[in-house]
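S.K.: So that we are looking at the same thing, I have put the structure below in structure tokens.
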Amino acid sequence: MADETLPAPVSPRLPVPAALQEPLQRLRANPLLARFGWPIAATSIAALALGGWLMLHEPTRSPIFAQLPDADKAAVVSALETAGLPVALDPRTGAVLLPERDHARARMLLAAQGLPKAAPGGAELMAEMPLGTSRALEAARLKTAQERDLAAAIESLDGVQAARVLVARPEPSPFLRDRAPVTASVTLTLAPGRALSDSQARAIVHLVAGAVPGLSPDNVAITDQAGRMLAGEPGAGRMLADDRRLKLQAEMEARARQSILELLGPVVGTDNITAQVSIDLDFAAREAAEERYDRDGALRSEQFSRATSSEPRAIGIPGALTNTIPSAPTVTATPPPAATGPTVQTTGTESGTRNYELGRSVQVTSRAGGDIRRLTAAIAIRADALGPPAGRARRLADLRSLVEGAVGYDQQRGDHIALSASSFATPDAVEVPIWKEPVVVESSKWLAAALVAVALLAFVIRPYVRRALAKAEAREVEARAAAERAAQELALAAEPALVPALPDYSRKLAEARLLAATDGAKATAVARRLLAGTPA
């Protein structure tokens, strides 16, 4: 009798229902499962891990509505939850949050339901005004509509998440001589990580001032959600002008310094030179007007007039004879001399006009300021980069000439350029911790991924493969033992007297073993029939 091989011990298993025993046995006996079981298990585990990560990973959410009344907020959240959208509320601000990929769908869905209802536009607010509305209510609604339209226009700017505009307009009255000016306040909620530039603040100021009649840009105040004053602060115009001047001065100094470094860097080396430039600017505005006439003018026209008159000259003393009684005539022997005529006086006047063609020129010169009043530059060059000590003075003089031409040196302004050869201190090397090195950080990521893969193989896939191989080996050993037992029982039944084996005994025994190995159930049934005395 051949030696009987016992099956390998099998670990105790949980009880399996009778209805599932036969399908499980067929599944275990499937050779494809025994061969490809561990790749299928690994793929399934990876898929489960990916699905779990996707379920636990929260998508990036952003607010779809920042400021809503509680009633509208509840209606919006209910509508979005009914539609199956992953809606949430910001615990700090109460804003309605949605993943960015669902914003367009959510807006269309809410618009179809007429939500939100608390913030209609200006046109809608005016359209809802009933007939017979009082003048005061009409003015209030018109003001509210204007404020909401302005807020919507401001919200369309880049970086502005929400806006609110309040306009204070005094009531007109014929009994008041001095009226209070129109003022406006704008409150902005900026997007996370965004800041409002000066140009954007000025644009908002002029946008509001241009939309409200009688509103001056100086009376518009802008604040953000943190309470910082962005525009409308007293003296903001002067401060803004000062900021512009400082910015212009810094730009000119940086440009001059960059010119020096670009010019001397290739000569002495970029690491062997350092420079600082200070520019004093004159921002005083000047305006001059000059009017000139040409001295050598051409004669265009000439006109002269002359008048003369001749009259007898008056003699004697006026009134002397008229007031004296004439004396008696005296008779003389000698006749009197002949009387002479009166003296004639000639007078004349002469006048003339000459017109010259004169050249006239008017010149008006305006200077807005920003002229360079004085320039000072300090340049330090590493002494070793200038060569031997004997020729350093000459090289410094040559480099000074280059710098003067680069920065626009003007001696009349009092510009000063200091060029010095110095020894530079070597900066201490900053040791970066090894765990902060980019190579270590990148390697740690790959190492962590490798450890996860090894742990997955060692603690998940390997035990599963070992159990599968152990089960297959146990089934093979059990089938081999059953085949040997069946063959032995067949041999004993065919030869009860222990006669010598027939010549074909070995062949039949091999066939019986093959039958037991390939179809264990059939071999078992044949053995049972033989033992029961029933022919196979």
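Residue numbering restarts at 1 in every chain; chains get A, B, ... in the order shown in the structure tokens, and ligands count up from 1 in that same order.
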For the strand (DSSP E or B) assignment from backbone DSSP, which residues of stretch 351-473 of chain A qualify? Please present them as a ChimeraX atom specification.

M.R.: /A:351-357,360-367,371-382,416-422

S.K.: Export N, CA and C atoms of the chosen residues as a CSV table (one decimal), in the first residue's frame?

M.R.:
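Okay, this is what ended up in out05.csv:
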```csv
chain,number,residue,atom,x,y,z
A,351,SER,N,1.3,169.3,-38.1
A,351,SER,CA,1.1,168.0,-37.4
A,351,SER,C,1.3,166.8,-38.4
A,352,GLY,N,1.8,165.7,-37.9
A,352,GLY,CA,2.0,164.5,-38.8
A,352,GLY,C,1.8,163.2,-38.0
A,353,THR,N,1.5,162.2,-38.8
A,353,THR,CA,1.2,160.8,-38.2
A,353,THR,C,2.0,159.8,-39.1
A,354,ARG,N,2.8,159.0,-38.5
A,354,ARG,CA,3.5,157.9,-39.2
A,354,ARG,C,3.1,156.6,-38.6
A,355,ASN,N,2.8,155.6,-39.4
A,355,ASN,CA,2.4,154.3,-39.0
A,355,ASN,C,3.5,153.3,-39.4
A,356,TYR,N,4.0,152.6,-38.4
A,356,TYR,CA,5.1,151.6,-38.7
A,356,TYR,C,4.5,150.2,-38.5
A,357,GLU,N,5.0,149.2,-39.3
A,357,GLU,CA,4.7,147.8,-39.2
A,357,GLU,C,5.6,147.2,-38.2
A,360,ARG,N,5.4,141.7,-33.2
A,360,ARG,CA,5.1,141.4,-31.8
A,360,ARG,C,5.1,139.9,-31.6
A,361,SER,N,5.8,139.5,-30.5
A,361,SER,CA,5.9,138.1,-30.2
A,361,SER,C,5.6,137.9,-28.7
A,362,VAL,N,4.8,136.9,-28.4
A,362,VAL,CA,4.4,136.6,-27.0
A,362,VAL,C,4.9,135.2,-26.7
A,363,GLN,N,5.6,135.0,-25.7
A,363,GLN,CA,6.2,133.7,-25.3
A,363,GLN,C,5.8,133.4,-23.8
A,364,VAL,N,5.1,132.2,-23.6
A,364,VAL,CA,4.7,131.8,-22.3
A,364,VAL,C,5.4,130.5,-22.0
A,365,THR,N,6.1,130.4,-21.0
A,365,THR,CA,6.9,129.2,-20.6
A,365,THR,C,6.3,128.7,-19.3
A,366,SER,N,5.9,127.4,-19.3
A,366,SER,CA,5.4,126.7,-18.1
A,366,SER,C,6.3,125.5,-17.8
A,367,ARG,N,6.7,125.4,-16.5
A,367,ARG,CA,7.5,124.2,-16.1
A,367,ARG,C,6.7,123.6,-14.9
A,371,ASP,N,12.5,119.0,-11.8
A,371,ASP,CA,13.9,119.2,-12.3
A,371,ASP,C,14.8,118.7,-11.2
A,372,ILE,N,16.0,118.2,-11.7
A,372,ILE,CA,17.0,117.8,-10.8
A,372,ILE,C,17.7,119.0,-10.2
A,373,ARG,N,17.7,119.1,-8.9
A,373,ARG,CA,18.3,120.2,-8.2
A,373,ARG,C,19.8,119.8,-7.9
A,374,ARG,N,20.0,118.6,-7.5
A,374,ARG,CA,21.3,118.2,-7.1
A,374,ARG,C,21.4,116.6,-7.2
A,375,LEU,N,22.5,116.1,-7.6
A,375,LEU,CA,22.7,114.7,-7.7
A,375,LEU,C,23.9,114.3,-7.0
A,376,THR,N,23.8,113.2,-6.2
A,376,THR,CA,24.9,112.7,-5.4
A,376,THR,C,25.0,111.2,-5.6
A,377,ALA,N,26.2,110.7,-5.9
A,377,ALA,CA,26.3,109.3,-6.1
A,377,ALA,C,27.6,108.8,-5.4
A,378,ALA,N,27.4,107.7,-4.7
A,378,ALA,CA,28.5,107.1,-3.9
A,378,ALA,C,28.7,105.7,-4.5
A,379,ILE,N,29.9,105.4,-4.9
A,379,ILE,CA,30.3,104.1,-5.5
A,379,ILE,C,31.5,103.5,-4.8
A,380,ALA,N,31.3,102.2,-4.5
A,380,ALA,CA,32.4,101.5,-3.8
A,380,ALA,C,32.8,100.3,-4.7
A,381,ILE,N,34.1,100.2,-5.0
A,381,ILE,CA,34.6,99.1,-5.9
A,381,ILE,C,35.6,98.3,-5.1
A,382,ARG,N,35.5,97.0,-5.3
A,382,ARG,CA,36.5,96.1,-4.6
A,382,ARG,C,37.9,96.5,-5.1
A,416,HIS,N,27.8,115.8,-7.1
A,416,HIS,CA,29.0,115.2,-6.4
A,416,HIS,C,29.0,113.7,-6.6
A,417,ILE,N,30.1,113.2,-7.1
A,417,ILE,CA,30.3,111.7,-7.3
A,417,ILE,C,31.5,111.3,-6.5
A,418,ALA,N,31.3,110.3,-5.6
A,418,ALA,CA,32.3,109.8,-4.8
A,418,ALA,C,32.6,108.3,-5.3
A,419,LEU,N,33.9,108.1,-5.7
A,419,LEU,CA,34.3,106.8,-6.2
A,419,LEU,C,35.4,106.3,-5.3
A,420,SER,N,35.3,105.2,-4.7
A,420,SER,CA,36.3,104.7,-3.7
A,420,SER,C,36.6,103.2,-4.0
A,421,ALA,N,37.9,102.9,-3.7
A,421,ALA,CA,38.3,101.5,-3.8
A,421,ALA,C,38.4,101.0,-2.4
A,422,SER,N,37.6,99.9,-2.1
A,422,SER,CA,37.5,99.4,-0.7
A,422,SER,C,37.6,97.9,-0.8
```

S.K.: Hey, what's within 9 Å of A:Ile154 if we count only C-alpha atoms and toss same-chain stuff fewer than 5 positions away? As a VMD selection string, please?

M.R.: chain A and resid 149 160 162 to 164 188 204 207

S.K.: Print the selection's residues with N, CA and C atoms to a file, as a compact mmCIF listing (two decimals), in the first residue's frame.

M.R.:
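Contents of part.txt, freshly written:
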```txt
# COMPACT_ATOMS: atom_id res chain seq x y z
N ASP A 149 -27.34 100.44 -8.31
CA ASP A 149 -26.69 100.41 -9.62
C ASP A 149 -25.22 100.77 -9.51
N VAL A 160 -12.92 93.20 -6.58
CA VAL A 160 -13.99 93.63 -5.68
C VAL A 160 -15.04 92.53 -5.62
N ALA A 162 -17.74 92.46 -3.19
CA ALA A 162 -19.05 93.06 -2.90
C ALA A 162 -18.83 94.53 -2.60
N ALA A 163 -19.89 95.32 -2.84
CA ALA A 163 -19.81 96.76 -2.63
C ALA A 163 -21.15 97.27 -2.15
N ARG A 164 -21.09 98.35 -1.37
CA ARG A 164 -22.30 99.02 -0.91
C ARG A 164 -22.06 100.52 -0.95
N LEU A 188 -16.30 98.47 0.56
CA LEU A 188 -15.90 97.40 -0.35
C LEU A 188 -15.52 96.16 0.43
N ILE A 204 -12.98 104.53 -8.76
CA ILE A 204 -14.26 104.39 -8.05
C ILE A 204 -14.77 105.76 -7.59
N LEU A 207 -16.13 107.50 -10.55
CA LEU A 207 -17.34 106.82 -11.01
C LEU A 207 -18.55 107.25 -10.19
```

S.K.: Neighbouring residues of A:Ala406 were defined as those with any atom within 7 Å, considering only C-alpha atoms; residues of the same chain fewer than 4 positions away were excluded. Please report them as a PyMOL selection string.

M.R.: chain A and resi 259-260+402

S.K.: Could you write out the selected residues, including N, CA and C atoms, as a PDB file, in the first residue's frame?

M.R.:
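again25.pdb written:
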```
ATOM      1  N   SER A 259      21.976 102.256 -14.078  1.00  0.00           N
ATOM      2  CA  SER A 259      22.891 102.664 -15.152  1.00  0.00           C
ATOM      3  C   SER A 259      24.341 102.511 -14.718  1.00  0.00           C
ATOM      4  N   ILE A 260      24.638 102.871 -13.479  1.00  0.00           N
ATOM      5  CA  ILE A 260      26.012 102.730 -12.979  1.00  0.00           C
ATOM      6  C   ILE A 260      26.415 101.262 -12.920  1.00  0.00           C
ATOM      7  N   LEU A 402      33.383 107.793 -16.673  1.00  0.00           N
ATOM      8  CA  LEU A 402      32.277 106.988 -17.193  1.00  0.00           C
ATOM      9  C   LEU A 402      31.000 107.212 -16.392  1.00  0.00           C
TER      10      LEU A 402
END
```

S.K.: Measuring between only C-alpha atoms, which one of A:Gln161, A:Ala393, A:Asp384, A:Ala221 shows the shortest distance to A:Ile273?

M.R.: A:Asp384

S.K.: Smallest atom-to-atom distance to A:Ser44: which of A:Ala448, A:Ile461, A:Leu514, A:Ile222, using only C-alpha atoms?

M.R.: A:Ile461

S.K.: Return as a ChimeraX atom specification the full set of residues in stretch 364-486 of chain A whose backbone-based DSSP assignment is alpha helix (DSSP H).

M.R.: /A:392-407,438-456,462-486

S.K.: Smallest atom-to-atom distance to A:Leu166: which of A:Pro388, A:Gln258, A:Ala152, A:Ala184, using only C-alpha atoms?

M.R.: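 Result for the nearest residue to A:Leu166: A:Ala184.
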
S.K.: At what distance in Å, to one decimal, does atom CA of A:Pro69 lie from atom CA of A:Thr82?

M.R.: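 Taking atom CA of A:Thr82 and atom CA of A:Pro69, their separation equals 19.9 Å.
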
S.K.: So which one's closest to A:Val205, A:Ala168, A:Val76, A:Leu150, A:Pro174? Using only C-alpha atoms, please.

M.R.: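 For A:Val205, the nearest of the candidates is A:Leu150.
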